[in-house]
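*Asks:* For reference, the file upload_38.cif (mmCIF, C-alpha atoms) is included below:
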```cif
data_my_file
#
loop_
_atom_site.label_atom_id
_atom_site.label_comp_id
_atom_site.auth_asym_id
_atom_site.auth_seq_id
_atom_site.Cartn_x
_atom_site.Cartn_y
_atom_site.Cartn_z
CA MET A 1 131.74 93.03 138.50
CA PRO A 2 129.67 90.83 136.17
CA ARG A 3 131.75 88.22 134.33
CA TYR A 4 131.11 86.97 130.80
CA ALA A 5 132.43 83.96 128.90
CA LEU A 6 133.27 84.58 125.24
CA LYS A 7 133.53 81.90 122.54
CA ILE A 8 135.89 83.23 119.92
CA GLU A 9 136.73 82.35 116.34
CA TYR A 10 139.72 83.84 114.52
CA HIS A 11 142.01 83.50 111.53
CA GLY A 12 145.51 83.56 112.94
CA ALA A 13 147.43 84.80 109.90
CA PRO A 14 147.55 88.54 110.68
CA PHE A 15 148.22 88.10 114.40
CA ALA A 16 151.39 87.65 116.45
CA GLY A 17 149.50 85.03 118.44
CA TRP A 18 146.88 85.30 121.17
CA GLN A 19 148.83 86.99 123.95
CA ARG A 20 148.96 90.77 124.23
CA GLN A 21 152.31 92.21 123.11
CA LYS A 22 153.64 95.73 122.82
CA GLU A 23 153.67 97.05 119.26
CA GLN A 24 152.29 93.76 117.91
CA THR A 25 148.78 92.97 116.70
CA THR A 26 147.38 90.10 118.76
CA VAL A 27 143.97 88.55 119.28
CA GLN A 28 143.87 89.38 122.98
CA GLY A 29 144.93 92.96 122.31
CA SER A 30 142.27 93.38 119.61
CA ILE A 31 139.46 92.15 121.88
CA GLU A 32 140.64 94.27 124.80
CA ALA A 33 140.71 97.33 122.55
CA ALA A 34 137.13 96.58 121.46
CA LEU A 35 136.06 96.25 125.11
CA SER A 36 137.59 99.66 125.83
CA ARG A 37 135.44 101.18 123.12
CA ILE A 38 132.20 99.97 124.68
CA GLU A 39 133.28 100.53 128.30
CA PRO A 40 136.08 103.12 128.53
CA GLY A 41 139.06 102.07 130.62
CA ASP A 42 141.59 99.28 130.72
CA HIS A 43 140.40 95.73 130.18
CA SER A 44 142.21 92.43 130.68
CA ILE A 45 140.80 89.13 129.48
CA ALA A 46 141.95 85.57 130.20
CA ALA A 47 141.81 82.72 127.67
CA ALA A 48 141.68 78.95 127.84
CA GLY A 49 144.91 78.71 125.82
CA ARG A 50 147.54 80.94 124.26
CA THR A 51 147.82 80.18 120.56
CA ASP A 52 150.98 81.04 118.63
CA ALA A 53 151.33 83.34 115.65
CA GLY A 54 149.44 81.96 112.64
CA VAL A 55 147.36 79.47 114.65
CA HIS A 56 143.58 79.65 114.18
CA ALA A 57 140.63 79.11 116.52
CA LEU A 58 137.14 77.78 116.01
CA GLY A 59 136.29 77.66 119.71
CA GLN A 60 138.74 79.65 121.82
CA VAL A 61 137.19 80.65 125.15
CA ALA A 62 137.98 83.72 127.22
CA HIS A 63 136.32 85.65 130.01
CA CYS A 64 135.99 89.35 130.70
CA ASP A 65 134.74 91.42 133.64
CA MET A 66 132.50 94.37 132.85
CA ALA A 67 131.57 97.43 134.90
CA ARG A 68 127.85 97.03 134.27
CA GLU A 69 125.36 94.35 133.34
CA TRP A 70 125.11 93.46 129.67
CA GLU A 71 122.64 91.27 127.86
CA PRO A 72 125.06 88.65 126.43
CA PHE A 73 123.82 88.93 122.85
CA ARG A 74 124.19 92.72 122.90
CA LEU A 75 127.70 92.43 124.32
CA SER A 76 128.76 90.03 121.56
CA GLU A 77 127.20 92.26 118.89
CA ALA A 78 128.94 95.36 120.25
CA LEU A 79 132.30 93.56 120.36
CA ASN A 80 131.91 92.22 116.82
CA TYR A 81 131.11 95.73 115.57
CA HIS A 82 134.29 97.17 117.10
CA LEU A 83 136.46 94.20 116.06
CA LYS A 84 135.88 94.86 112.35
CA PRO A 85 137.73 94.43 110.05
CA ALA A 86 140.00 92.09 112.03
CA PRO A 87 139.29 88.38 111.34
CA VAL A 88 137.97 87.79 114.86
CA ALA A 89 134.39 87.01 115.85
CA ILE A 90 132.60 86.49 119.14
CA VAL A 91 130.34 83.59 118.19
CA ALA A 92 128.74 83.15 121.64
CA CYS A 93 128.59 85.03 124.92
CA ALA A 94 127.25 83.97 128.33
CA ARG A 95 127.07 85.36 131.86
CA VAL A 96 129.07 83.20 134.27
CA GLU A 97 129.77 83.14 138.00
CA GLY A 98 132.49 85.42 139.33
CA ASP A 99 134.80 82.51 140.18
CA TRP A 100 134.50 80.88 136.73
CA HIS A 101 137.79 81.06 134.82
CA ALA A 102 138.32 80.36 131.13
CA ARG A 103 141.71 78.75 131.79
CA PHE A 104 141.51 77.19 135.24
CA SER A 105 137.95 75.87 134.90
CA ALA A 106 138.77 74.05 131.63
CA LEU A 107 138.85 70.24 131.71
CA GLU A 108 140.15 69.58 128.19
CA ARG A 109 141.51 71.45 125.18
CA GLN A 110 140.81 69.99 121.74
CA TYR A 111 143.05 70.87 118.81
CA PHE A 112 142.57 70.06 115.15
CA PHE A 113 145.29 70.02 112.50
CA ARG A 114 144.89 69.85 108.71
CA ILE A 115 147.46 68.68 106.16
CA LEU A 116 146.65 69.03 102.48
CA SER A 117 148.49 66.41 100.44
CA ARG A 118 148.76 67.39 96.75
CA ARG A 119 151.34 68.68 94.31
CA ALA A 120 149.46 71.69 92.92
CA PRO A 121 149.71 74.85 95.05
CA ALA A 122 146.83 75.53 97.41
CA THR A 123 144.69 78.50 96.42
CA HIS A 124 141.49 78.70 98.45
CA LEU A 125 143.07 76.86 101.39
CA GLU A 126 146.31 78.83 101.50
CA GLY A 127 147.03 79.80 105.09
CA LEU A 128 144.48 77.32 106.43
CA VAL A 129 146.37 74.05 105.91
CA TRP A 130 149.91 72.75 105.91
CA GLN A 131 150.49 71.61 102.35
CA VAL A 132 152.87 68.72 101.63
CA ARG A 133 153.60 67.41 98.15
CA GLN A 134 153.94 63.70 99.05
CA GLN A 135 151.19 61.18 99.61
CA LEU A 136 151.12 60.15 103.27
CA ASP A 137 150.64 56.71 104.79
CA VAL A 138 147.82 57.49 107.20
CA ALA A 139 147.70 54.00 108.71
CA ALA A 140 151.39 54.19 109.63
CA MET A 141 150.85 57.63 111.13
CA GLN A 142 148.01 56.34 113.31
CA ASP A 143 150.16 53.40 114.44
CA ALA A 144 152.87 55.88 115.44
CA ALA A 145 150.37 58.19 117.17
CA ALA A 146 149.24 55.32 119.41
CA HIS A 147 152.62 55.45 121.16
CA LEU A 148 151.89 58.98 122.36
CA THR A 149 148.53 58.61 124.09
CA GLY A 150 148.45 58.31 127.86
CA ARG A 151 150.63 59.86 130.54
CA HIS A 152 154.26 60.45 129.50
CA ASP A 153 157.28 62.68 129.89
CA PHE A 154 156.97 64.68 126.64
CA THR A 155 160.35 66.45 126.83
CA THR A 156 161.09 65.40 123.22
CA PHE A 157 158.00 67.24 121.98
CA ARG A 158 158.42 70.33 124.16
CA SER A 159 159.78 73.66 122.96
CA THR A 160 163.04 74.74 124.58
CA ILE A 161 161.29 77.95 125.66
CA CYS A 162 158.34 76.14 127.25
CA GLN A 163 157.56 77.55 130.70
CA ALA A 164 155.53 74.62 132.03
CA GLU A 165 156.70 73.34 135.42
CA SER A 166 156.78 69.70 134.26
CA PRO A 167 157.06 67.92 130.88
CA VAL A 168 154.72 65.18 132.14
CA LYS A 169 151.27 65.41 130.56
CA THR A 170 148.38 63.07 129.81
CA LEU A 171 147.38 62.93 126.16
CA ASN A 172 143.74 61.82 126.00
CA ARG A 173 143.50 61.37 122.25
CA LEU A 174 145.54 61.61 119.05
CA ASP A 175 143.61 60.31 116.03
CA VAL A 176 144.92 60.54 112.47
CA THR A 177 142.43 60.16 109.60
CA GLY A 178 142.61 60.57 105.83
CA HIS A 179 139.90 62.25 103.76
CA ARG A 180 139.84 62.16 99.96
CA THR A 181 138.30 65.24 98.38
CA ASP A 182 137.88 66.69 94.90
CA TYR A 183 140.81 69.04 95.56
CA GLY A 184 143.26 66.53 97.08
CA THR A 185 143.69 64.42 100.21
CA GLU A 186 143.42 65.98 103.64
CA VAL A 187 144.95 64.35 106.70
CA HIS A 188 143.31 65.38 109.95
CA PHE A 189 144.69 65.18 113.49
CA ASP A 190 142.33 65.23 116.48
CA VAL A 191 144.44 65.99 119.57
CA ARG A 192 142.97 66.26 123.08
CA ALA A 193 144.40 66.80 126.56
CA ARG A 194 143.70 68.81 129.67
CA SER A 195 146.76 70.93 128.91
CA PHE A 196 149.66 71.03 126.47
CA LEU A 197 153.31 71.99 126.44
CA HIS A 198 154.50 74.79 124.18
CA ASN A 199 154.68 73.57 120.56
CA GLN A 200 153.61 70.07 121.62
CA VAL A 201 150.91 69.58 118.97
CA ARG A 202 153.05 70.99 116.14
CA SER A 203 155.94 68.78 117.28
CA PHE A 204 153.64 65.75 117.18
CA VAL A 205 152.39 66.55 113.69
CA GLY A 206 155.84 67.32 112.31
CA SER A 207 157.16 64.00 113.60
CA LEU A 208 154.11 62.08 112.37
CA GLU A 209 154.55 63.57 108.91
CA ARG A 210 158.00 61.92 108.86
CA VAL A 211 156.26 58.60 109.48
CA GLY A 212 153.73 59.34 106.74
CA THR A 213 156.48 59.90 104.16
CA GLY A 214 158.34 56.74 105.19
CA SER A 215 161.33 58.60 106.66
CA TRP A 216 160.45 57.17 110.07
CA ALA A 217 158.93 53.83 111.01
CA PRO A 218 155.99 53.92 113.45
CA ASP A 219 158.18 52.50 116.22
CA ASP A 220 160.59 55.42 115.77
CA MET A 221 157.94 57.55 117.46
CA ALA A 222 158.18 55.38 120.58
CA ALA A 223 161.96 55.73 120.51
CA ALA A 224 161.71 59.51 120.16
CA LEU A 225 159.32 59.70 123.12
CA ALA A 226 161.55 57.49 125.27
CA ALA A 227 164.62 59.60 124.45
CA ARG A 228 163.26 62.57 126.43
CA ASP A 229 165.50 64.72 124.27
CA ARG A 230 164.36 67.62 122.10
CA ALA A 231 166.95 66.64 119.48
CA ALA A 232 165.01 63.39 118.90
CA CYS A 233 161.92 65.29 117.71
CA GLY A 234 161.08 65.62 114.04
CA PRO A 235 160.76 69.07 112.47
CA VAL A 236 158.13 71.30 114.07
CA CYS A 237 155.39 71.80 111.49
CA PRO A 238 154.20 75.30 110.48
CA PRO A 239 151.30 76.88 112.39
CA GLN A 240 148.77 77.51 109.64
CA GLY A 241 147.09 74.09 109.79
CA LEU A 242 146.44 74.23 113.54
CA TYR A 243 143.10 75.16 115.12
CA LEU A 244 141.98 75.38 118.73
CA ARG A 245 138.63 73.73 118.07
CA HIS A 246 136.91 73.28 121.42
CA VAL A 247 137.36 73.71 125.17
CA VAL A 248 135.51 71.39 127.56
CA TYR A 249 134.10 72.54 130.91
CA ASP A 250 132.18 70.74 133.63
CA GLU A 251 129.15 72.69 132.41
CA ASN A 252 129.11 74.25 128.97
CA PRO A 253 128.62 77.99 129.62
CA PHE A 254 127.18 78.47 126.12
CA ALA A 255 124.60 75.67 126.26
#
```
Please express the file's structure as structure tokens.

*Replies:*
Amino acid sequence: MPRYALKIEYHGAPFAGWQRQKEQTTVQGSIEAALSRIEPGDHSIAAAGRTDAGVHALGQVAHCDMAREWEPFRLSEALNYHLKPAPVAIVACARVEGDWHARFSALERQYFFRILSRRAPATHLEGLVWQVRQQLDVAAMQDAAAHLTGRHDFTTFRSTICQAESPVKTLNRLDVTGHRTDYGTEVHFDVRARSFLHNQVRSFVGSLERVGTGSWAPDDMAAALAARDRAACGPVCPPQGLYLRHVVYDENPFA
């Protein structure tokens, strides 16, 4: 069966996350339903990462197996037609080898998080950022983030329902930058690793926000990490500022 890689963009607000669920609207379920409309029968797709309810994607990657050969552009156009009006788009499609796997072939997942720092309510950005009313000390947040990069036991920043076999992961990058705009200050988080624990990025950001407000000192992040105790984590931030931005492979299937 010919296999196709799909690069997917979606707004996470109306979905109960990526993963297919009974009686819940999900991204995976929506794409599989669209596939069934262009090739009748059951379809099952696999993704590079399972995003939670409310989390967005700019570059999620999945693969699907089809019964017949499709020209990739025509397959993406057909899927986009049947996905309407859901806020999901196939932005690229490519034929791949039969042993290529969206999840297991991935070398790195790159997440992006946005905080909007201003007192006035967000209007155009509602649902796309986490809004906080305080000004944040970005330099202190970056100092704290430096304690997290590298290979560590991330039990503190792991959800209690995480199903990963081990809490030990290697965090390749966690950069915190501030950006002044006409509508307020945005704080951006660039977070990269081969794989993540459940709620790990949102746990990082929620704890770093505590540093930004002055409730924690930067070294408190090192102490939280060393505790290996979920109770030492700061509050888990809401999902709406989180984006799966890019997935890295040995060879980019969409190049």

*Asks:* Interatomic distance between atom CA of Asp137 of chain A and atom CA of His56 of chain A?

*Replies:*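 For atom CA of Asp137 of chain A relative to atom CA of His56 of chain A, the distance reads 25.8 Å.
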
*Asks:* Work out how far apart atom CA of Asp99 of chain A and atom CA of Thr170 of chain A are and give it in Å to one decimal.

*Replies:*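 Rounded to one decimal, the two atoms are 25.9 Å apart.
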
*Asks:* Expanded to explicit residues, what is the PyMOL selection byres ((chain A and resi 184) around 9) for this file, as an NGL selection string?

*Replies:* :A and (116-119 or 179-183 or 185-186)

*Asks:* What's around Asn172 of chain A at 8 Å? Count only C-alpha atoms, leave out sequence neighbours fewer than 4 positions away in its own chain, and write the answer as a ChimeraX atom specification.

*Replies:* /A:149-150,191-194

*Asks:* Could you list the residues chosen by the PyMOL selection byres ((chain A and resi 221) around 12) in this structure as JSON, numbers by chain?

*Replies:* {"A": [140, 141, 142, 143, 144, 145, 146, 147, 148, 149, 154, 156, 157, 203, 204, 205, 206, 207, 208, 209, 210, 211, 212, 215, 216, 217, 218, 219, 220, 222, 223, 224, 225, 226, 227, 228, 232, 233, 234]}

*Asks:* Counting only C-alpha atoms, which residue out of A:Glu251, A:Glu77, A:Asp175, A:Glu108 sits closest to Ala139 of chain A?

*Replies:* A:Asp175

*Asks:* Quick check on the file I pasted: which residues fall under the PyMOL selection byres ((chain A and resi 9-24) around 12)? Write them as a ChimeraX atom specification.

*Replies:* /A:6-8,25-33,43-62,80,83-92,126-129,238-246

*Asks:* Of the candidates A:Leu171, A:Ala102, A:Cys93, A:Val187, which one gets nearest to Gln135 of chain A if we count all atoms listed in the file?

*Replies:*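 When distances to Gln135 of chain A are compared using all atoms listed in the file, the smallest one comes from A:Val187.
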
*Asks:* Calculated over all atoms listed in the file, which of the candidates A:Ile38, A:Val138, A:Ala78, A:Val96 has the smallest distance to Met1 of chain A?

*Replies:* A:Val96

*Asks:* Can you report as JSON the centre and edge lengths in Å, to one decimal, of an axis-aligned box around the listed atoms of segment 49-61 of chain A padded with 5 Å on each side?

*Replies:*
```
{"center_x": 143.8, "center_y": 80.5, "center_z": 119.2, "size_x": 25.0, "size_y": 15.7, "size_z": 23.2}
```
